[in-house]
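Undergrad: Sending over query37.txt (compact mmCIF, C-alpha atoms).
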```txt
# COMPACT_ATOMS: atom_id res chain seq x y z
CA MET A 36 0.00 0.00 0.00
CA LYS A 37 2.90 2.37 0.73
CA ARG A 38 4.24 1.73 -2.75
CA ARG A 39 0.84 2.48 -4.30
CA LEU A 40 0.44 5.70 -2.33
CA ALA A 41 3.88 6.75 -3.55
CA ILE A 42 2.88 6.02 -7.15
CA TRP A 43 -0.37 7.98 -6.79
CA ALA A 44 1.54 10.91 -5.30
CA VAL A 45 4.00 10.86 -8.21
CA ALA A 46 1.09 10.82 -10.65
CA VAL A 47 -0.61 13.81 -9.01
CA ILE A 48 2.61 15.85 -8.85
CA THR A 49 3.48 14.97 -12.46
CA PHE A 50 -0.02 15.96 -13.58
CA TYR A 51 0.19 19.38 -11.93
CA VAL A 52 3.79 20.08 -13.01
CA PHE A 53 3.28 19.10 -16.66
CA SER A 54 -0.07 20.87 -16.88
CA TYR A 55 1.63 24.06 -15.73
CA LEU A 56 4.62 23.66 -18.04
CA ILE A 57 2.38 23.22 -21.09
CA ASP A 58 0.96 26.72 -20.65
CA PRO A 59 2.40 28.54 -17.64
CA PHE A 60 0.87 31.88 -18.76
CA ASP A 61 -2.70 30.60 -18.85
CA PRO A 62 -4.84 33.04 -16.83
CA ALA A 63 -6.50 30.05 -15.19
CA TRP A 64 -3.36 29.49 -13.08
CA GLN A 65 -3.47 33.02 -11.77
CA LEU A 66 -7.16 32.69 -10.83
CA TYR A 67 -6.80 29.14 -9.48
CA LEU A 68 -6.16 30.05 -5.85
CA LYS A 69 -8.86 32.74 -5.99
CA ASP A 70 -11.57 30.17 -6.68
CA PRO A 71 -13.86 29.12 -3.83
CA LEU A 72 -12.43 26.42 -1.56
CA LYS A 73 -15.14 24.01 -2.63
CA VAL A 74 -14.12 24.36 -6.26
CA ILE A 75 -10.42 23.86 -5.45
CA VAL A 76 -11.16 20.74 -3.36
CA GLU A 77 -13.36 19.29 -6.09
CA ASP A 78 -10.63 19.98 -8.66
CA ILE A 79 -8.00 18.30 -6.48
CA LEU A 80 -10.26 15.28 -5.90
CA TRP A 81 -10.93 14.91 -9.63
CA ILE A 82 -7.20 15.13 -10.42
CA PHE A 83 -6.45 12.62 -7.66
CA LEU A 84 -9.11 10.23 -8.98
CA PHE A 85 -7.83 10.65 -12.52
CA SER A 86 -4.24 10.06 -11.36
CA VAL A 87 -5.27 6.90 -9.49
CA VAL A 88 -6.96 5.55 -12.63
CA ILE A 89 -3.90 6.32 -14.76
CA SER A 90 -1.60 4.77 -12.14
CA GLU A 91 -3.60 1.55 -11.82
CA VAL A 92 -3.82 1.14 -15.60
CA SER A 93 -0.06 1.68 -15.91
CA ILE A 94 0.62 -0.83 -13.13
CA PHE A 95 -1.68 -3.36 -14.81
CA ILE A 96 0.05 -2.92 -18.18
CA ASP A 97 3.50 -3.31 -16.60
CA ARG A 98 2.50 -6.47 -14.72
CA MET A 99 1.02 -8.08 -17.81
CA LEU A 100 4.14 -7.29 -19.85
CA ASN A 101 6.36 -8.62 -17.05
CA LYS A 102 4.62 -11.97 -17.46
CA LEU A 103 4.35 -12.00 -21.26
CA LEU A 104 7.61 -10.26 -22.22
CA PRO A 105 10.07 -9.92 -19.29
CA TRP A 106 12.88 -7.37 -19.48
CA SER A 107 15.45 -10.17 -19.45
CA ASN A 108 14.24 -11.56 -22.78
CA ARG A 109 14.14 -8.67 -25.26
CA THR A 110 14.90 -5.32 -23.65
CA VAL A 111 14.45 -3.06 -26.73
CA LYS A 112 11.27 -4.78 -27.87
CA ARG A 113 9.85 -4.61 -24.36
CA LEU A 114 10.65 -0.90 -24.07
CA LEU A 115 9.01 -0.02 -27.41
CA LEU A 116 5.96 -2.18 -26.77
CA GLN A 117 5.50 -0.78 -23.26
CA CYS A 118 5.68 2.83 -24.48
CA ILE A 119 3.20 2.20 -27.31
CA ILE A 120 0.69 0.42 -25.07
CA GLN A 121 0.99 3.09 -22.39
CA ILE A 122 0.40 5.88 -24.93
CA VAL A 123 -2.55 4.09 -26.54
CA GLY A 124 -4.01 3.32 -23.12
CA SER A 125 -3.63 6.95 -22.02
CA VAL A 126 -5.38 8.26 -25.12
CA LEU A 127 -8.24 5.76 -24.69
CA ILE A 128 -8.69 6.76 -21.04
CA VAL A 129 -8.96 10.44 -22.00
CA ILE A 130 -11.43 9.69 -24.78
CA ILE A 131 -13.57 7.50 -22.50
CA ILE A 132 -13.58 10.00 -19.62
CA ASN A 133 -14.26 12.91 -21.99
CA PHE A 134 -17.16 10.96 -23.54
CA ILE A 135 -18.61 10.20 -20.09
CA ILE A 136 -18.36 13.87 -19.07
CA ASP A 137 -20.05 15.05 -22.29
CA CYS A 138 -22.90 12.60 -21.83
CA THR A 139 -23.54 13.15 -18.13
CA SER A 140 -22.75 16.81 -17.54
CA VAL A 141 -25.30 19.54 -18.45
CA SER A 142 -23.47 22.58 -17.13
CA LEU A 143 -20.27 22.57 -19.17
CA PRO A 144 -19.18 26.07 -20.30
CA GLU A 145 -19.40 26.84 -23.99
CA MET A 146 -16.11 27.23 -25.86
CA ASP A 147 -15.02 27.35 -29.47
CA ALA A 148 -13.83 24.17 -31.18
CA ARG A 149 -10.20 25.38 -31.38
CA LYS A 150 -10.01 25.97 -27.63
CA GLU A 151 -11.74 22.64 -26.96
CA TYR A 152 -9.30 20.66 -29.13
CA THR A 153 -6.36 22.52 -27.58
CA LEU A 154 -7.47 21.59 -24.07
CA LEU A 155 -8.13 18.00 -25.18
CA GLY A 156 -4.65 17.80 -26.71
CA GLN A 157 -3.11 19.20 -23.54
CA TRP A 158 -5.07 16.69 -21.49
CA ILE A 159 -3.93 13.80 -23.69
CA ALA A 160 -0.29 14.97 -23.57
CA THR A 161 -0.44 15.34 -19.80
CA ASN A 162 -2.03 11.92 -19.49
CA ILE A 163 0.68 10.34 -21.66
CA VAL A 164 3.45 11.96 -19.61
CA VAL A 165 1.85 10.84 -16.34
CA SER A 166 1.39 7.32 -17.70
CA LEU A 167 4.98 7.08 -18.94
CA THR A 168 6.28 8.55 -15.67
CA ILE A 169 4.39 5.93 -13.65
CA SER A 170 5.59 3.24 -16.06
CA ALA A 171 9.18 4.40 -15.62
CA PHE A 172 8.69 4.41 -11.84
CA ASN A 173 7.33 0.84 -11.97
CA THR A 174 10.10 -0.30 -14.32
CA VAL A 175 12.87 1.09 -12.12
CA ASP A 176 11.24 -0.49 -9.07
CA TYR A 177 10.91 -3.83 -10.89
CA LEU A 178 14.52 -3.76 -12.09
CA LEU A 179 15.80 -2.83 -8.63
CA GLU A 180 13.85 -5.69 -7.06
CA ASN A 181 15.23 -8.11 -9.66
CA TRP A 182 18.74 -6.77 -9.09
CA LYS A 183 18.36 -7.26 -5.32
CA LYS A 184 16.98 -10.75 -5.86
CA THR A 185 19.82 -11.63 -8.22
CA ALA A 186 22.39 -10.21 -5.80
CA VAL A 187 20.90 -12.21 -2.92
CA GLU A 188 20.82 -15.40 -5.01
CA ALA A 189 24.42 -14.82 -6.09
CA ALA A 190 25.47 -14.31 -2.47
CA GLN A 191 23.59 -17.45 -1.41
CA HIS A 192 25.18 -19.40 -4.26
CA LYS A 193 28.58 -18.11 -3.19
CA VAL A 194 27.90 -19.18 0.40
CA ARG A 195 26.75 -22.62 -0.74
CA ALA A 196 29.81 -22.99 -2.97
CA SER A 197 32.02 -21.94 -0.06
CA LYS A 198 30.33 -24.47 2.23
CA HIS A 199 30.75 -27.22 -0.38
CA LYS A 200 34.39 -26.26 -0.80
CA GLN A 201 34.92 -26.31 2.98
CA ALA A 202 33.21 -29.70 3.20
CA ALA A 203 35.41 -31.07 0.42
CA MET A 204 38.52 -29.65 2.06
CA ALA A 205 37.48 -31.08 5.44
CA ALA A 206 36.94 -34.51 3.86
CA GLU A 207 40.31 -34.32 2.12
CA LEU A 208 42.01 -33.20 5.34
CA GLN A 209 40.40 -36.03 7.28
CA ALA A 210 41.60 -38.51 4.66
CA LEU A 211 45.14 -37.18 5.04
CA LYS A 212 44.94 -37.52 8.81
CA LEU A 213 43.71 -41.10 8.54
CA GLN A 214 46.83 -41.95 6.51
CA ILE A 215 48.95 -41.38 9.62
CA ASP A 216 47.46 -44.16 11.74
CA PRO A 217 48.25 -47.20 9.56
CA HIS A 218 51.64 -45.74 8.62
CA PHE A 219 52.61 -45.34 12.28
CA ILE A 220 51.21 -48.70 13.39
CA PHE A 221 52.86 -50.68 10.60
CA ASN A 222 56.35 -49.32 11.30
CA ASN A 223 56.22 -49.85 15.05
CA LEU A 224 54.47 -53.21 15.07
CA SER A 225 57.13 -54.51 12.70
CA VAL A 226 59.82 -53.39 15.17
CA LEU A 227 57.87 -54.77 18.12
CA SER A 228 57.62 -58.22 16.59
CA GLU A 229 61.39 -58.25 16.01
CA LEU A 230 62.17 -57.07 19.56
CA ILE A 231 59.93 -59.71 21.14
CA LEU A 232 61.86 -62.41 19.31
CA GLU A 233 65.20 -60.96 20.42
CA ASP A 234 64.41 -59.77 23.98
CA GLN A 235 60.97 -60.26 25.57
CA GLN A 236 61.61 -57.73 28.36
CA LEU A 237 62.69 -55.08 25.86
CA GLY A 238 59.71 -55.99 23.71
CA TYR A 239 57.37 -55.50 26.69
CA GLU A 240 58.92 -52.13 27.52
CA TYR A 241 58.69 -51.11 23.91
CA SER A 242 55.01 -52.11 23.74
CA GLU A 243 54.27 -49.99 26.84
CA LYS A 244 55.91 -46.92 25.33
CA PHE A 245 54.26 -47.62 22.02
CA ALA A 246 50.82 -47.74 23.71
CA ARG A 247 51.44 -44.35 25.34
CA VAL A 248 52.61 -42.84 22.08
CA TYR A 249 49.70 -44.31 20.15
CA ARG A 250 47.24 -43.01 22.75
CA TYR A 251 48.60 -39.51 22.06
CA LEU A 252 48.15 -40.14 18.35
CA LEU A 253 44.51 -41.17 18.80
CA VAL A 254 43.73 -38.11 20.89
CA ASN A 255 45.50 -35.49 18.76
CA SER A 256 45.58 -36.77 15.17
CA LYS A 257 42.05 -35.47 14.59
CA LYS A 258 43.05 -31.91 15.52
CA ASP A 259 44.00 -29.41 12.82
CA ILE A 260 46.74 -27.73 14.87
CA ILE A 261 48.41 -28.37 18.21
CA ALA A 262 50.69 -26.45 20.55
CA LEU A 263 54.37 -26.94 19.74
CA GLU A 264 55.00 -27.75 23.42
CA GLU A 265 52.66 -30.76 23.17
CA GLU A 266 54.20 -31.91 19.92
CA LEU A 267 57.70 -31.79 21.47
CA LYS A 268 56.55 -33.93 24.41
CA PHE A 269 55.22 -36.46 21.93
CA LEU A 270 58.52 -36.32 20.04
CA GLU A 271 60.46 -37.15 23.22
CA SER A 272 58.40 -40.31 23.69
CA TYR A 273 58.71 -41.16 20.04
CA ILE A 274 62.51 -40.76 20.17
CA PHE A 275 62.57 -43.50 22.82
CA LEU A 276 60.95 -45.90 20.37
CA ILE A 277 63.44 -44.95 17.68
CA GLU A 278 66.44 -45.37 19.97
CA LYS A 279 65.26 -48.83 20.95
CA ARG A 280 64.64 -49.66 17.33
CA ILE A 281 67.84 -48.27 15.79
CA GLY A 282 70.18 -47.75 18.74
CA GLU A 283 73.19 -45.54 18.06
CA GLY A 284 72.43 -45.34 14.36
CA VAL A 285 70.63 -42.04 14.83
CA VAL A 286 71.46 -38.96 16.92
CA PHE A 287 68.92 -36.31 17.88
CA LYS A 288 69.48 -32.66 18.76
CA ILE A 289 66.54 -30.57 19.99
CA ASP A 290 66.96 -26.80 20.18
CA ILE A 291 63.64 -24.94 20.54
CA HIS A 292 63.47 -21.28 21.59
CA GLU A 293 61.26 -20.80 24.65
CA ASP A 294 59.27 -17.96 23.02
CA TYR A 295 58.06 -20.32 20.29
CA ARG A 296 56.90 -23.21 22.47
CA SER A 297 53.44 -21.62 22.87
CA MET A 298 52.94 -21.37 19.09
CA TYR A 299 51.21 -24.06 17.04
CA THR A 300 52.10 -26.61 14.41
CA LEU A 301 50.38 -29.58 12.75
CA PRO A 302 49.82 -32.68 14.90
CA LEU A 303 52.35 -35.47 14.29
CA SER A 304 54.30 -33.35 11.80
CA LEU A 305 57.58 -33.96 13.69
CA GLN A 306 56.94 -37.68 13.87
CA LEU A 307 56.32 -37.88 10.13
CA LEU A 308 59.44 -35.86 9.27
CA VAL A 309 61.64 -37.90 11.61
CA GLU A 310 60.21 -41.14 10.23
CA ASN A 311 60.76 -39.84 6.70
CA ALA A 312 64.43 -39.05 7.45
CA ILE A 313 65.06 -42.50 8.93
CA LYS A 314 63.28 -44.26 6.09
CA HIS A 315 65.36 -42.66 3.31
CA ASN A 316 68.80 -42.56 4.94
CA GLN A 317 71.42 -44.94 6.28
CA THR A 318 71.54 -45.40 10.04
CA SER A 319 74.75 -47.01 11.22
CA LYS A 320 76.79 -46.77 14.41
CA ALA A 321 79.89 -45.84 12.43
CA ASN A 322 78.13 -43.04 10.57
CA PRO A 323 74.94 -42.17 12.47
CA LEU A 324 72.10 -40.17 10.99
CA GLU A 325 71.94 -36.76 12.65
CA ILE A 326 68.49 -35.21 13.05
CA HIS A 327 68.31 -31.62 14.28
CA VAL A 328 64.99 -30.07 15.37
CA TYR A 329 65.15 -26.33 16.04
CA THR A 330 63.47 -22.95 15.53
CA ASN A 331 64.81 -19.94 13.63
CA SER A 332 64.17 -16.19 13.72
CA ASN A 333 61.53 -16.50 10.95
CA LYS A 334 59.20 -18.35 13.34
CA GLU A 335 59.79 -21.62 11.58
CA LEU A 336 60.15 -25.09 13.03
CA VAL A 337 63.08 -26.65 11.21
CA VAL A 338 63.83 -30.35 10.89
CA SER A 339 67.14 -31.09 9.19
CA ASN A 340 69.00 -34.34 8.75
CA THR A 341 72.30 -35.35 7.27
CA PHE A 342 71.94 -36.70 3.78
CA LEU A 343 73.02 -40.35 3.78
CA PRO A 344 70.90 -41.92 1.02
CA LEU A 345 70.28 -45.65 0.96
CA ILE A 346 71.76 -47.66 -1.82
CA ASN A 347 68.45 -49.36 -2.50
CA LYS A 348 65.74 -46.76 -2.15
CA PRO A 349 62.53 -48.06 -0.49
CA ASP A 350 59.12 -47.71 -2.07
CA SER A 351 57.42 -44.53 -0.91
CA SER A 352 53.88 -44.77 0.54
CA GLY A 353 53.14 -41.12 -0.16
CA VAL A 354 52.71 -40.36 3.53
CA GLY A 355 55.20 -38.21 5.48
CA LEU A 356 56.34 -35.04 3.76
CA ALA A 357 53.58 -35.01 1.12
CA ASN A 358 51.00 -35.39 3.87
CA ILE A 359 52.31 -32.39 5.79
CA VAL A 360 52.49 -30.14 2.72
CA ALA A 361 48.94 -31.08 1.71
CA ARG A 362 47.56 -30.35 5.20
CA TYR A 363 49.24 -26.93 5.33
CA GLU A 364 47.77 -26.10 1.93
CA ILE A 365 44.22 -27.23 2.80
CA LEU A 366 44.22 -25.31 6.08
CA GLY A 367 45.30 -22.16 4.23
CA TYR A 368 48.65 -21.66 5.96
CA ILE A 369 51.99 -20.81 4.35
CA LYS A 370 53.45 -23.91 2.76
CA PRO A 371 56.53 -25.57 4.27
CA ILE A 372 59.89 -24.86 2.66
CA ILE A 373 61.89 -27.87 1.49
CA GLU A 374 65.60 -27.50 0.86
CA LYS A 375 68.09 -30.11 -0.26
CA THR A 376 71.84 -29.63 -0.30
CA GLU A 377 74.70 -32.00 -0.92
CA ASN A 378 74.93 -32.95 2.75
CA GLN A 379 71.58 -32.06 4.26
CA PHE A 380 67.83 -32.34 3.77
CA ILE A 381 65.91 -29.50 5.46
CA VAL A 382 62.18 -28.94 6.00
CA LYS A 383 60.96 -25.63 7.45
CA LEU A 384 57.47 -25.67 8.93
CA PRO A 385 55.87 -22.22 9.47
CA LEU A 386 54.73 -21.91 13.07
CA ILE A 387 51.11 -20.82 13.53
```
For this file, produce the structure as structure tokens.

TA:
Amino acid sequence: MKRRLAIWAVAVITFYVFSYLIDPFDPAWQLYLKDPLKVIVEDILWIFLFSVVISEVSIFIDRMLNKLLPWSNRTVKRLLLQCIIQIVGSVLIVIIINFIIDCTSVSLPEMDARKEYTLLGQWIATNIVVSLTISAFNTVDYLLENWKKTAVEAAQHKVRASKHKQAAMAAELQALKLQIDPHFIFNNLSVLSELILEDQQLGYEYSEKFARVYRYLLVNSKKDIIALEEELKFLESYIFLIEKRIGEGVVFKIDIHEDYRSMYTLPLSLQLLVENAIKHNQTSKANPLEIHVYTNSNKELVVSNTFLPLINKPDSSGVGLANIVARYEILGYIKPIIEKTENQFIVKLPLI
């Protein structure tokens, strides 16, 4: 109803403004305010009624065309057809109203034919302008509503696409996390079976430590990030398993700045990098593999190892380094830096 009242108001204002602009020097304008109040009120009511009729006809025409020939189909054709129908409709309304007035009114003032046709032409022109103004008002309103609707649908589509992307990324991330469990279990159960055959007491001790380490894995592998302090505690327990498995074939050096211990990294990233270094390098007592875990001034967690490649390279499972890089990428963090020199293999993990 507010929209209709606004349209009627526009029609009334347009009618008065255009009627004045057609002939601003007409003596009738100068005498208008001098007429009796009753005459002025009647005139205003007739103009208001006429404007309402014009407005409703224009609204009806626009709605019908919106159904039959929407703006999105043929814009130029729609514009031309709308203008023609509005003009024809306006002329017909004037003719019908003028005919009704001639047939029902008995007190019309006499005037010459030239003056009568002039006034009729002015009336038709004013009616056409009012009709086209209302049509333009309706068209702008219709286009704005469609634009808002399209913008909302586009935003909703964008949100849905974002949610689908997040769901896909979450599924991919979960798949990467699940790769860690079998990889970890296989390596350590293989060692455990060998230790039990060699030394049952050592095998029992190893199984106890392995249970504690695996409990940590179950609790934290599902997390996206974890405090570096927690990951270092896990690494200490994991180093015990490695030392029992390899002995003096590997040497660890841990050097973490205290300010960085409260920062975050990916769960089990250190375990995967250490396991990756051991898997692809020689570990002998005469020439042990040196693994150095430290932080640098760029807020990076660095894992470096001496480069002692195996003669027969083992088949890669695709876990380890590739897993870490993929998780960093999915979570939207800066990717790890991988450097390889003649004597060292270095991985720098950005701390979060």

Undergrad: Measuring between all atoms listed in the file, which one of A:Ser319, A:Thr300, A:Val285, A:Lys383 shows the shortest distance to A:Val338?

TA: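 That would be A:Lys383, the residue with the smallest distance to A:Val338.
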
Undergrad: Grab the atom CA of A:Thr318 to atom CA of A:Val226 distance for me, in Å with one decimal place.

TA: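 So the two atoms, atom CA of A:Thr318 and atom CA of A:Val226, lie 15.1 Å apart.
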
Undergrad: Take atom CA of A:Leu115 and atom CA of A:Trp43 and report the distance between them in Å, one decimal.

TA: 24.0 Å

Undergrad: Which of these, A:Leu179, A:Leu386, A:Ile130, A:Ile326, has the shortest distance to A:Lys370 once you count all atoms listed in the file?

TA: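 Nearest to A:Lys370: A:Leu386.
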
Undergrad: Go through A:Leu263, A:Lys288, A:Asn378, A:Leu303 one by one, measure the shortest atom-to-atom distance of each to A:Tyr251 using only C-alpha atoms, and give the residue with the smallest value.

TA: A:Leu303

Undergrad: What does the distance between atom CA of A:Val175 and atom CA of A:Thr49 come to in Å, to one decimal place?

TA: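 Separation between atom CA of A:Val175 and atom CA of A:Thr49: 16.8 Å.
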
Undergrad: Nearest residue to A:Phe172 out of A:Asn133, A:Phe221, A:Val45, A:Thr185, using only C-alpha atoms?

TA: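 Residue with the minimum atom-to-atom distance to A:Phe172: A:Val45.
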
Undergrad: Check the smallest atom-to-atom distance from each of A:Val328, A:Ile289, A:Asp97, A:Gly355 to A:Glu310 using only C-alpha atoms, then report the winner.

TA: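 Looking at the shortest contact to A:Glu310, the residue is A:Gly355.
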
Undergrad: A:Leu230, A:Leu270, A:Ala171, A:Val360: which is nearest A:Val248, counting only C-alpha atoms?

TA: A:Leu270
